[in-house]
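Shown below: run-v9.cif, with mmCIF, C-alpha atoms.
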data_model
loop_
_atom_site.group_PDB
_atom_site.id
_atom_site.type_symbol
_atom_site.label_atom_id
_atom_site.label_comp_id
_atom_site.auth_asym_id
_atom_site.auth_seq_id
_atom_site.Cartn_x
_atom_site.Cartn_y
_atom_site.Cartn_z
ATOM 1 C CA MET A 1 0.000 0.000 0.000
ATOM 2 C CA THR A 2 1.294 3.429 -0.890
ATOM 3 C CA PRO A 3 1.742 5.647 2.165
ATOM 4 C CA PRO A 4 -0.454 8.725 2.423
ATOM 5 C CA THR A 5 0.943 11.890 0.926
ATOM 6 C CA PRO A 6 -0.204 15.453 1.538
ATOM 7 C CA ALA A 7 -2.512 17.147 -0.885
ATOM 8 C CA PRO A 8 -3.801 20.686 -0.902
ATOM 9 C CA ARG A 9 -7.552 20.480 -0.743
ATOM 10 C CA ALA A 10 -10.237 19.120 1.537
ATOM 11 C CA ALA A 11 -11.056 15.473 1.152
ATOM 12 C CA ARG A 12 -14.780 15.355 1.476
ATOM 13 C CA PRO A 13 -16.559 16.035 -1.763
ATOM 14 C CA PRO A 14 -17.103 18.576 -3.101
ATOM 15 C CA GLY A 15 -15.458 20.594 -0.342
ATOM 16 C CA ASP A 16 -17.124 23.958 -0.809
ATOM 17 C CA GLU A 17 -20.847 23.412 -0.463
ATOM 18 C CA SER A 18 -21.789 27.049 -0.942
ATOM 19 C CA SER A 19 -20.068 27.222 -4.313
ATOM 20 C CA SER A 20 -21.762 24.030 -5.413
ATOM 21 C CA ALA A 21 -25.248 25.286 -4.530
ATOM 22 C CA ALA A 22 -25.587 27.179 -7.794
ATOM 23 C CA LEU A 23 -24.367 24.155 -9.737
ATOM 24 C CA VAL A 24 -26.864 21.928 -7.945
ATOM 25 C CA GLU A 25 -29.697 24.296 -8.750
ATOM 26 C CA ALA A 26 -28.663 24.514 -12.404
ATOM 27 C CA ALA A 27 -28.372 20.717 -12.573
ATOM 28 C CA ARG A 28 -31.848 20.406 -11.056
ATOM 29 C CA GLN A 29 -33.131 22.561 -13.904
ATOM 30 C CA GLY A 30 -31.610 20.119 -16.406
ATOM 31 C CA ASP A 31 -28.286 21.837 -17.073
ATOM 32 C CA ARG A 32 -26.049 18.957 -18.117
ATOM 33 C CA GLU A 33 -22.839 20.989 -17.906
ATOM 34 C CA ALA A 34 -23.643 21.864 -14.304
ATOM 35 C CA PHE A 35 -24.188 18.203 -13.511
ATOM 36 C CA ASP A 36 -20.876 17.314 -15.192
ATOM 37 C CA ALA A 37 -19.163 19.932 -13.010
ATOM 38 C CA LEU A 38 -20.698 18.344 -9.912
ATOM 39 C CA VAL A 39 -19.444 14.946 -11.033
ATOM 40 C CA ARG A 40 -15.926 16.289 -11.524
ATOM 41 C CA ALA A 41 -16.015 17.935 -8.083
ATOM 42 C CA THR A 42 -17.271 14.890 -6.224
ATOM 43 C CA TYR A 43 -16.219 11.683 -7.978
ATOM 44 C CA VAL A 44 -12.955 11.194 -6.052
ATOM 45 C CA GLY A 45 -14.793 11.386 -2.737
ATOM 46 C CA THR A 46 -17.578 9.166 -4.020
ATOM 47 C CA TYR A 47 -15.028 6.605 -5.181
ATOM 48 C CA THR A 48 -13.320 6.730 -1.778
ATOM 49 C CA LEU A 49 -16.579 6.077 0.038
ATOM 50 C CA ALA A 50 -17.533 3.309 -2.401
ATOM 51 C CA HIS A 51 -14.150 1.662 -1.901
ATOM 52 C CA ARG A 52 -14.408 1.930 1.883
ATOM 53 C CA LEU A 53 -17.849 0.319 1.750
ATOM 54 C CA THR A 54 -17.159 -2.467 -0.712
ATOM 55 C CA GLY A 55 -13.497 -3.234 -0.061
ATOM 56 C CA ASP A 56 -12.452 -3.619 -3.677
ATOM 57 C CA ALA A 57 -11.705 -1.425 -6.653
ATOM 58 C CA ASP A 58 -13.856 -3.130 -9.274
ATOM 59 C CA THR A 59 -16.999 -3.113 -7.160
ATOM 60 C CA ALA A 60 -16.288 0.462 -6.084
ATOM 61 C CA ARG A 61 -16.110 1.486 -9.731
ATOM 62 C CA ASP A 62 -19.468 -0.154 -10.461
ATOM 63 C CA VAL A 63 -20.961 1.550 -7.416
ATOM 64 C CA VAL A 64 -19.695 4.980 -8.496
ATOM 65 C CA GLN A 65 -21.067 4.560 -12.021
ATOM 66 C CA GLU A 66 -24.447 3.440 -10.706
ATOM 67 C CA THR A 67 -24.449 6.266 -8.156
ATOM 68 C CA TYR A 68 -24.051 9.015 -10.762
ATOM 69 C CA LEU A 69 -26.613 7.468 -13.089
ATOM 70 C CA ARG A 70 -29.132 7.393 -10.243
ATOM 71 C CA ALA A 71 -28.176 10.913 -9.200
ATOM 72 C CA TYR A 72 -28.562 12.155 -12.795
ATOM 73 C CA ARG A 73 -31.999 10.599 -13.119
ATOM 74 C CA SER A 74 -33.217 11.897 -9.774
ATOM 75 C CA ILE A 75 -31.464 15.276 -9.396
ATOM 76 C CA GLY A 76 -34.760 16.975 -10.230
ATOM 77 C CA ARG A 77 -36.232 15.467 -7.073
ATOM 78 C CA PHE A 78 -33.329 16.594 -4.857
ATOM 79 C CA ARG A 79 -35.026 19.049 -2.513
ATOM 80 C CA GLY A 80 -31.913 20.720 -1.195
ATOM 81 C CA ASP A 81 -32.838 20.173 2.461
ATOM 82 C CA ALA A 82 -29.609 18.198 2.851
ATOM 83 C CA GLN A 83 -26.170 18.937 1.467
ATOM 84 C CA PHE A 84 -25.623 17.624 -2.042
ATOM 85 C CA THR A 85 -22.726 15.509 -0.796
ATOM 86 C CA THR A 86 -24.861 13.955 1.929
ATOM 87 C CA TRP A 87 -27.468 13.101 -0.698
ATOM 88 C CA LEU A 88 -24.710 11.589 -2.819
ATOM 89 C CA TYR A 89 -23.321 9.605 0.145
ATOM 90 C CA ARG A 90 -26.762 8.135 0.685
ATOM 91 C CA ILE A 91 -27.083 7.063 -2.943
ATOM 92 C CA THR A 92 -23.563 5.624 -2.797
ATOM 93 C CA ALA A 93 -24.393 3.687 0.377
ATOM 94 C CA ASN A 94 -27.566 2.361 -1.211
ATOM 95 C CA CYS A 95 -25.777 1.299 -4.413
ATOM 96 C CA ALA A 96 -22.966 -0.306 -2.399
ATOM 97 C CA SER A 97 -25.495 -2.201 -0.315
ATOM 98 C CA THR A 98 -27.131 -3.488 -3.498
ATOM 99 C CA GLN A 99 -23.779 -4.486 -4.983
ATOM 100 C CA LEU A 100 -22.722 -6.250 -1.793
ATOM 101 C CA GLY A 101 -26.041 -8.092 -1.775
ATOM 102 C CA ARG A 102 -25.346 -9.288 -5.319
ATOM 103 C CA ARG A 103 -21.844 -10.289 -4.305
ATOM 104 C CA ARG A 104 -23.189 -12.305 -1.386
ATOM 105 C CA ARG A 105 -25.497 -14.130 -3.774
ATOM 106 C CA HIS A 106 -22.619 -14.819 -6.194
ATOM 107 C CA ARG A 107 -20.039 -15.394 -3.515
ATOM 108 C CA HIS A 108 -16.439 -15.239 -4.619
ATOM 109 C CA GLU A 109 -13.123 -14.418 -3.052
ATOM 110 C CA GLU A 110 -12.574 -10.872 -1.955
ATOM 111 C CA LEU A 111 -9.894 -9.028 -3.852
ATOM 112 C CA THR A 112 -7.202 -7.090 -2.139
ATOM 113 C CA ASP A 113 -6.096 -4.061 -4.060
ATOM 114 C CA GLU A 114 -3.055 -1.898 -4.100
ATOM 115 C CA LEU A 115 -4.568 1.308 -2.853
ATOM 116 C CA VAL A 116 -3.100 4.709 -3.453
ATOM 117 C CA VAL A 117 -4.065 6.831 -0.490
ATOM 118 C CA ARG A 118 -3.843 10.584 -0.347
ATOM 119 C CA ASP A 119 -3.680 12.085 3.122
ATOM 120 C CA LEU A 120 -5.235 15.531 2.994
ATOM 121 C CA ARG A 121 -4.565 16.561 6.585
ATOM 122 C CA PRO A 122 -1.710 18.961 7.118
ATOM 123 C CA VAL A 123 0.583 17.753 9.911
ATOM 124 C CA ALA A 124 3.574 19.960 10.641
ATOM 125 C CA ASP A 125 5.679 17.754 12.913
ATOM 126 C CA PRO A 126 7.316 14.948 10.853
ATOM 127 C CA PRO A 127 7.780 12.408 13.730
ATOM 128 C CA ALA A 128 4.208 13.004 14.930
ATOM 129 C CA ARG A 129 3.053 12.703 11.370
ATOM 130 C CA ALA A 130 4.835 9.370 10.950
ATOM 131 C CA GLU A 131 3.394 7.984 14.171
ATOM 132 C CA HIS A 132 -0.074 9.209 13.291
ATOM 133 C CA ALA A 133 0.231 7.712 9.824
ATOM 134 C CA GLU A 134 1.238 4.368 11.336
ATOM 135 C CA LEU A 135 -1.712 4.366 13.726
ATOM 136 C CA ARG A 136 -4.066 5.298 10.923
ATOM 137 C CA GLY A 137 -2.616 2.520 8.818
ATOM 138 C CA ARG A 138 -3.461 0.043 11.556
ATOM 139 C CA VAL A 139 -6.994 1.330 11.865
ATOM 140 C CA ARG A 140 -7.372 1.243 8.071
ATOM 141 C CA GLU A 141 -6.242 -2.387 7.971
ATOM 142 C CA ALA A 142 -8.562 -3.323 10.816
ATOM 143 C CA LEU A 143 -11.424 -1.572 9.049
ATOM 144 C CA GLU A 144 -10.751 -3.427 5.821
ATOM 145 C CA GLY A 145 -10.769 -6.671 7.795
ATOM 146 C CA LEU A 146 -14.331 -6.147 9.025
ATOM 147 C CA PRO A 147 -17.173 -8.049 7.343
ATOM 148 C CA PRO A 148 -18.855 -5.741 4.765
ATOM 149 C CA ARG A 149 -22.109 -5.466 6.751
ATOM 150 C CA LEU A 150 -20.274 -4.171 9.822
ATOM 151 C CA ARG A 151 -17.812 -2.096 7.835
ATOM 152 C CA ALA A 152 -20.626 -0.223 6.082
ATOM 153 C CA VAL A 153 -22.162 1.139 9.282
ATOM 154 C CA VAL A 154 -18.891 2.200 10.864
ATOM 155 C CA VAL A 155 -17.716 3.887 7.647
ATOM 156 C CA LEU A 156 -20.966 5.798 7.212
ATOM 157 C CA ARG A 157 -21.188 6.803 10.876
ATOM 158 C CA ASP A 158 -17.616 7.314 12.075
ATOM 159 C CA LEU A 159 -15.909 8.396 8.854
ATOM 160 C CA TYR A 160 -18.755 10.212 7.082
ATOM 161 C CA ASP A 161 -20.881 11.242 10.053
ATOM 162 C CA LEU A 162 -24.212 10.149 8.569
ATOM 163 C CA PRO A 163 -27.098 9.950 11.073
ATOM 164 C CA HIS A 164 -28.301 6.525 12.191
ATOM 165 C CA GLU A 165 -31.634 7.062 10.425
ATOM 166 C CA ALA A 166 -30.003 7.744 7.045
ATOM 167 C CA ILE A 167 -27.673 4.760 7.437
ATOM 168 C CA ALA A 168 -30.587 2.485 8.291
ATOM 169 C CA ALA A 169 -32.645 3.759 5.351
ATOM 170 C CA GLU A 170 -29.901 3.279 2.772
ATOM 171 C CA LEU A 171 -28.825 -0.131 4.039
ATOM 172 C CA GLY A 172 -32.420 -1.313 4.241
ATOM 173 C CA ILE A 173 -32.319 -2.111 7.970
ATOM 174 C CA SER A 174 -34.003 -0.704 11.086
ATOM 175 C CA VAL A 175 -32.411 2.085 13.096
ATOM 176 C CA SER A 176 -31.921 -0.234 16.067
ATOM 177 C CA ALA A 177 -30.254 -2.827 13.824
ATOM 178 C CA ALA A 178 -27.947 -0.108 12.502
ATOM 179 C CA LYS A 179 -26.989 0.848 16.060
ATOM 180 C CA VAL A 180 -26.376 -2.761 17.044
ATOM 181 C CA ARG A 181 -24.183 -3.289 13.996
ATOM 182 C CA LEU A 182 -22.273 -0.099 14.794
ATOM 183 C CA HIS A 183 -21.543 -1.250 18.345
ATOM 184 C CA ARG A 184 -20.442 -4.657 17.103
ATOM 185 C CA ALA A 185 -18.241 -3.087 14.459
ATOM 186 C CA ARG A 186 -16.540 -0.728 16.917
ATOM 187 C CA ARG A 187 -16.008 -3.524 19.413
ATOM 188 C CA LYS A 188 -14.552 -5.810 16.772
ATOM 189 C CA LEU A 189 -12.280 -3.035 15.574
ATOM 190 C CA ARG A 190 -11.092 -2.321 19.098
ATOM 191 C CA ASP A 191 -10.456 -6.020 19.758
ATOM 192 C CA ASP A 192 -8.529 -6.283 16.495
ATOM 193 C CA LEU A 193 -6.406 -3.249 17.364
ATOM 194 C CA VAL A 194 -5.700 -4.499 20.892
ATOM 195 C CA GLN A 195 -4.674 -7.851 19.412
ATOM 196 C CA ARG A 196 -2.353 -6.072 16.989
ATOM 197 C CA ASP A 197 -0.755 -4.332 19.977
ATOM 198 C CA VAL A 198 -0.239 -7.656 21.728
ATOM 199 C CA ASP A 199 1.242 -9.199 18.579
ATOM 200 C CA ASP A 200 3.464 -6.179 18.158
ATOM 201 C CA ASP A 201 4.706 -6.402 21.746
ATOM 202 C CA GLU A 202 5.431 -10.095 21.391
ATOM 203 C CA SER A 203 7.385 -9.552 18.198
ATOM 204 C CA GLY A 204 9.315 -6.666 19.760
ATOM 205 C CA GLY A 205 7.709 -3.951 17.659
ATOM 206 C CA SER A 206 7.649 -0.348 18.785
ATOM 207 C CA ALA A 207 4.341 1.237 17.856
ATOM 208 C CA ARG A 208 1.201 0.842 19.891
ATOM 209 C CA ALA A 209 -2.001 1.517 18.064
ATOM 210 C CA VAL A 210 -5.021 2.080 20.242
ATOM 211 C CA MET B 1 -23.391 -2.695 37.581
ATOM 212 C CA ARG B 2 -20.412 -4.763 36.491
ATOM 213 C CA CYS B 3 -17.755 -4.101 33.861
ATOM 214 C CA GLU B 4 -19.074 -7.032 31.780
ATOM 215 C CA HIS B 5 -22.408 -5.239 31.434
ATOM 216 C CA LEU B 6 -20.644 -2.120 30.188
ATOM 217 C CA ALA B 7 -18.728 -4.003 27.517
ATOM 218 C CA ASP B 8 -21.649 -3.746 25.089
ATOM 219 C CA LEU B 9 -22.338 -0.110 25.930
ATOM 220 C CA LEU B 10 -18.867 1.427 25.816
ATOM 221 C CA PRO B 11 -18.665 1.403 21.969
ATOM 222 C CA GLY B 12 -21.582 3.860 21.975
ATOM 223 C CA TYR B 13 -20.708 5.721 25.175
ATOM 224 C CA ASP B 14 -20.378 9.087 23.416
ATOM 225 C CA ASP B 15 -23.520 8.687 21.301
ATOM 226 C CA ALA B 16 -26.501 10.662 22.554
ATOM 227 C CA GLY B 17 -28.801 8.624 24.758
ATOM 228 C CA ALA B 18 -26.860 5.390 24.389
ATOM 229 C CA VAL B 19 -25.777 5.061 28.026
ATOM 230 C CA ASP B 20 -27.812 5.812 31.156
ATOM 231 C CA GLN B 21 -26.683 7.597 34.334
ATOM 232 C CA ARG B 22 -26.100 4.368 36.235
ATOM 233 C CA ALA B 23 -23.608 3.192 33.631
ATOM 234 C CA ARG B 24 -21.929 6.597 33.580
ATOM 235 C CA ARG B 25 -21.526 6.493 37.374
ATOM 236 C CA HIS B 26 -19.865 3.093 37.071
ATOM 237 C CA VAL B 27 -17.415 4.367 34.461
ATOM 238 C CA GLN B 28 -16.534 7.359 36.654
ATOM 239 C CA ARG B 29 -15.479 4.947 39.420
ATOM 240 C CA CYS B 30 -13.964 2.147 37.336
ATOM 241 C CA LEU B 31 -10.421 2.477 36.005
ATOM 242 C CA ARG B 32 -10.806 -0.578 33.796
ATOM 243 C CA CYS B 33 -13.827 0.861 32.001
ATOM 244 C CA GLN B 34 -12.186 4.269 31.787
ATOM 245 C CA ALA B 35 -9.156 2.702 30.085
ATOM 246 C CA ASP B 36 -11.462 0.906 27.687
ATOM 247 C CA LEU B 37 -13.317 4.124 26.960
ATOM 248 C CA VAL B 38 -10.040 5.906 26.200
ATOM 249 C CA ARG B 39 -9.229 3.183 23.674
ATOM 250 C CA TYR B 40 -12.606 3.617 21.977
ATOM 251 C CA ARG B 41 -12.213 7.376 21.828
ATOM 252 C CA ARG B 42 -8.739 7.141 20.315
ATOM 253 C CA MET B 43 -10.020 4.650 17.807
ATOM 254 C CA ARG B 44 -12.908 6.899 16.806
ATOM 255 C CA ARG B 45 -10.580 9.864 16.373
ATOM 256 C CA LEU B 46 -8.418 7.767 14.075
ATOM 257 C CA LEU B 47 -11.481 6.584 12.165
ATOM 258 C CA ALA B 48 -12.617 10.183 11.737
ATOM 259 C CA SER B 49 -9.166 11.047 10.420
ATOM 260 C CA LEU B 50 -9.580 8.338 7.771
ATOM 261 C CA GLY B 51 -12.565 10.336 6.541
ATOM 262 C CA ALA B 52 -10.098 13.046 5.561
ATOM 263 C CA GLU B 53 -8.251 10.752 3.177
ATOM 264 C CA THR B 54 -9.137 10.124 -0.415
ATOM 265 C CA LEU B 55 -8.282 7.096 -2.483
ATOM 266 C CA VAL B 56 -7.057 7.701 -5.994
ATOM 267 C CA PRO B 57 -9.642 6.418 -8.460
ATOM 268 C CA PRO B 58 -8.770 4.642 -11.731
ATOM 269 C CA ASP B 59 -7.529 7.050 -14.406
ATOM 270 C CA ASP B 60 -10.398 6.362 -16.762
ATOM 271 C CA LEU B 61 -13.213 6.575 -14.216
ATOM 272 C CA LEU B 62 -14.173 10.191 -14.953
ATOM 273 C CA VAL B 63 -14.316 9.511 -18.694
ATOM 274 C CA ALA B 64 -16.439 6.412 -18.060
ATOM 275 C CA LEU B 65 -18.822 8.465 -15.913
ATOM 276 C CA MET B 66 -19.228 11.110 -18.612
ATOM 277 C CA LEU B 67 -19.868 8.431 -21.255
ATOM 278 C CA ASP B 68 -22.475 6.820 -18.981
ATOM 279 C CA LEU B 69 -24.205 10.162 -18.593
ATOM 280 C CA ASP B 70 -24.093 10.821 -22.363
ATOM 281 C CA GLU B 71 -25.726 7.441 -22.912
ATOM 282 C CA ALA B 72 -28.355 8.099 -20.252
ATOM 283 C CA ALA B 73 -29.121 11.471 -21.816
ATOM 284 C CA GLU B 74 -29.393 9.903 -25.281
ATOM 285 C CA VAL B 75 -31.638 7.137 -24.025
ATOM 286 C CA GLY B 76 -33.800 9.760 -22.363
ATOM 287 C CA SER B 77 -34.080 11.900 -25.464
ATOM 288 C CA GLY B 78 -34.313 8.761 -27.675
ATOM 289 C CA SER B 79 -37.312 7.490 -25.791
ATOM 290 C CA MET B 80 -38.851 10.932 -26.052
ATOM 291 C CA ALA B 81 -38.272 10.858 -29.820
ATOM 292 C CA ARG B 82 -39.745 7.371 -30.025
ATOM 293 C CA ARG B 83 -42.791 8.490 -28.094
ATOM 294 C CA ARG B 84 -43.126 11.502 -30.405
ATOM 295 C CA LEU B 85 -42.771 9.247 -33.477
ATOM 296 C CA ALA B 86 -45.348 6.804 -32.130
ATOM 297 C CA TYR B 87 -47.738 9.682 -31.485
ATOM 298 C CA LEU B 88 -47.262 11.111 -34.982
ATOM 299 C CA GLY B 89 -47.599 7.633 -36.507
ATOM 300 C CA GLY B 90 -50.854 7.059 -34.643
ATOM 301 C CA LEU B 91 -52.133 10.445 -35.750
ATOM 302 C CA ALA B 92 -51.230 9.726 -39.392
ATOM 303 C CA ALA B 93 -52.895 6.303 -39.236
ATOM 304 C CA ALA B 94 -56.054 7.800 -37.757
ATOM 305 C CA THR B 95 -56.114 10.529 -40.408
ATOM 306 C CA ALA B 96 -55.579 7.986 -43.206
ATOM 307 C CA ALA B 97 -58.363 5.791 -41.826
ATOM 308 C CA GLY B 98 -60.671 8.792 -41.649
ATOM 309 C CA VAL B 99 -59.863 9.892 -45.201
ATOM 310 C CA GLY B 100 -60.261 6.313 -46.444
ATOM 311 C CA GLY B 101 -63.639 6.058 -44.768
ATOM 312 C CA VAL B 102 -64.804 9.276 -46.363
ATOM 313 C CA LEU B 103 -63.664 8.098 -49.808
ATOM 314 C CA VAL B 104 -65.453 4.735 -49.394
ATOM 315 C CA LEU B 105 -68.640 6.472 -48.319
ATOM 316 C CA ALA B 106 -68.398 8.914 -51.245
ATOM 317 C CA ALA B 107 -67.873 6.045 -53.720
ATOM 318 C CA ARG B 108 -70.899 4.184 -52.287
ATOM 319 C CA GLY B 109 -72.932 7.389 -52.489
ATOM 320 C CA ARG B 110 -72.022 7.765 -56.181
ATOM 321 C CA ARG B 111 -72.988 4.102 -56.895
ATOM 322 C CA VAL B 112 -76.372 4.562 -55.147
ATOM 323 C CA ALA B 113 -76.999 7.828 -56.994
ATOM 324 C CA GLY B 114 -75.977 6.169 -60.346
#

Taking this structure as input, can you express it in the form of structure tokens?
Amino acid sequence: MTPPTPAPRAARPPGDESSSAALVEAARQGDREAFDALVRATYVGTYTLAHRLTGDADTARDVVQETYLRAYRSIGRFRGDAQFTTWLYRITANCASTQLGRRRRHRHEELTDELVVRDLRPVADPPARAEHAELRGRVREALEGLPPRLRAVVVLRDLYDLPHEAIAAELGISVSAAKVRLHRARRKLRDDLVQRDVDDDESGGSARAV
Amino acid sequence: MRCEHLADLLPGYDDAGAVDQRARRHVQRCLRCQADLVRYRRMRRLLASLGAETLVPPDDLLVALMLDLDEAAEVGSGSMARRRLAYLGGLAAATAAGVGGVLVLAARGRRVAG
């Protein structure tokens, strides 16, 4: 896996919601160029979320393509009472859930991909940055090791800050089931990270994760 | 309340309404649960920091998205054109049937008159 490298702009798509409001409105009125601009502004973030949810590049690609087709067909119904990106996250989560359902029905081995990760957080102190990057790497690995059903809730809640109700709606489960899955996911993650610490201590490693 | 009972609650300790006062009182007195809670909080901070990363998508993804949208737009306008064609075809057929009917009636009228 390629280590994170700094990049200049905010990670979460499309970054500047106020500047995208006019584009969203134009797209709602059927302006194709405005919709294209929204796609260009958001597709990296949408791909990131899709990859976090599905765990592989090919499925993430399918999810992103399906997401924008659905968004294009339904942009006229977007009421603007949520941020455009939140609306897009929800469509992405729904498409990923559908894709994962298909994958469960046609079960095959999960692929592990060489991911190129861009770290968009500025950290001034190089040693602190290295330590932080190592800890994040451990959490990332633990997250990727979760079963997709658990990973989805923790990604949507703890990485993307979606409310429980939205997560439940897009994954097709009840709010209480979403909360239960979230608790299980966090507990499993914590156990995994503690185990990694123990393994690291036994092998004489230096870093302690969580 | 025992630590074992808190084990299922600590993952959601900071979520609104997830933990009652009795459980909170236990955590305030229990070093073991406090240590566990610190681990969860660190983990959640690290998870949140992952939300600030982006993964680099395949080079051709943006082009593929634009082509998908072109196709969707064409299908949309194509179906509109098909609907328009079907409407015009139906109108032409109805007009032809009407004209035909008039001609038949006129021919019969001439035969009766003759």

Original post:
Out of B:Leu103, B:Ala93, B:Val75, B:Leu47, which residue has the shortest atom-to-atom distance to chain A when counting only C-alpha atoms?
Top reply: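 For chain A, the nearest of the given residues is B:Leu47.
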
Original post:
Using only C-alpha atoms, which chain B residues lie at most 8 Å away from chain A, written as a ChimeraX atom specification?
Top reply: /B:8-9,11-12,39-40,42-44,46-57,61-62,64-66,68-69,72

Where's the centre, and what are the edge lengths in Å to one decimal, of a box along x, y and z enclosing all listed atoms of segment 34-51 of chain B padded 4 Å per side, as lines of an AutoDock Vina configuration file?
center_x = -10.9
center_y = 6.0
center_z = 19.2
size_x = 12.9
size_y = 18.1
size_z = 33.2

**OP:** Rounded to one decimal place, report the atom CA of Ala130 of chain A-atom CA of Arg151 of chain A distance in Å.
**Re:**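 Calculated distance between atom CA of Ala130 of chain A and atom CA of Arg151 of chain A is 25.6 Å.
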
**OP:** With a distance cut-off of 12 Å and only C-alpha atoms, select the neighbouring residues of Glu4 of chain B, excluding the residue or stretch itself and same-chain residues fewer than 6 positions from it, and output the selection as a list in words.
**Re:**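 Close residues of Glu4 of chain B: Leu10, Ala23, His26, Val27, Cys30, Arg32, Cys33 and Asp36 of chain B.
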
For those residues, write C-alpha atoms to a file as a compact mmCIF listing (two decimals), in the frame of the given file.
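Written out: selection_39.txt:
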# COMPACT_ATOMS: atom_id res chain seq x y z
CA LEU B 10 -18.87 1.43 25.82
CA ALA B 23 -23.61 3.19 33.63
CA HIS B 26 -19.86 3.09 37.07
CA VAL B 27 -17.42 4.37 34.46
CA CYS B 30 -13.96 2.15 37.34
CA ARG B 32 -10.81 -0.58 33.80
CA CYS B 33 -13.83 0.86 32.00
CA ASP B 36 -11.46 0.91 27.69

Original post:
Mind pulling up the distance from atom CA of Asp200 of chain A to atom CA of His5 of chain B?
Top reply: 29.1 Å

**OP:** Identify all residues satisfying the PyMOL selection byres ((chain A and resi 89-93) around 8) in the given file; provide them as an MDAnalysis selection string.
**Re:** chainID A and resid 46 49:50 53 63:64 67 70:71 85:88 94:97 152 156 166:167 170:171

Print the selection's residues with C-alpha atoms to a file, as a tab-separated table (two decimals), keeping the file's coordinate frame.
chain	number	residue	atom	x	y	z
A	46	THR	CA	-17.58	9.17	-4.02
A	49	LEU	CA	-16.58	6.08	0.04
A	50	ALA	CA	-17.53	3.31	-2.40
A	53	LEU	CA	-17.85	0.32	1.75
A	63	VAL	CA	-20.96	1.55	-7.42
A	64	VAL	CA	-19.70	4.98	-8.50
A	67	THR	CA	-24.45	6.27	-8.16
A	70	ARG	CA	-29.13	7.39	-10.24
A	71	ALA	CA	-28.18	10.91	-9.20
A	85	THR	CA	-22.73	15.51	-0.80
A	86	THR	CA	-24.86	13.96	1.93
A	87	TRP	CA	-27.47	13.10	-0.70
A	88	LEU	CA	-24.71	11.59	-2.82
A	94	ASN	CA	-27.57	2.36	-1.21
A	95	CYS	CA	-25.78	1.30	-4.41
A	96	ALA	CA	-22.97	-0.31	-2.40
A	97	SER	CA	-25.50	-2.20	-0.32
A	152	ALA	CA	-20.63	-0.22	6.08
A	156	LEU	CA	-20.97	5.80	7.21
A	166	ALA	CA	-30.00	7.74	7.04
A	167	ILE	CA	-27.67	4.76	7.44
A	170	GLU	CA	-29.90	3.28	2.77
A	171	LEU	CA	-28.82	-0.13	4.04
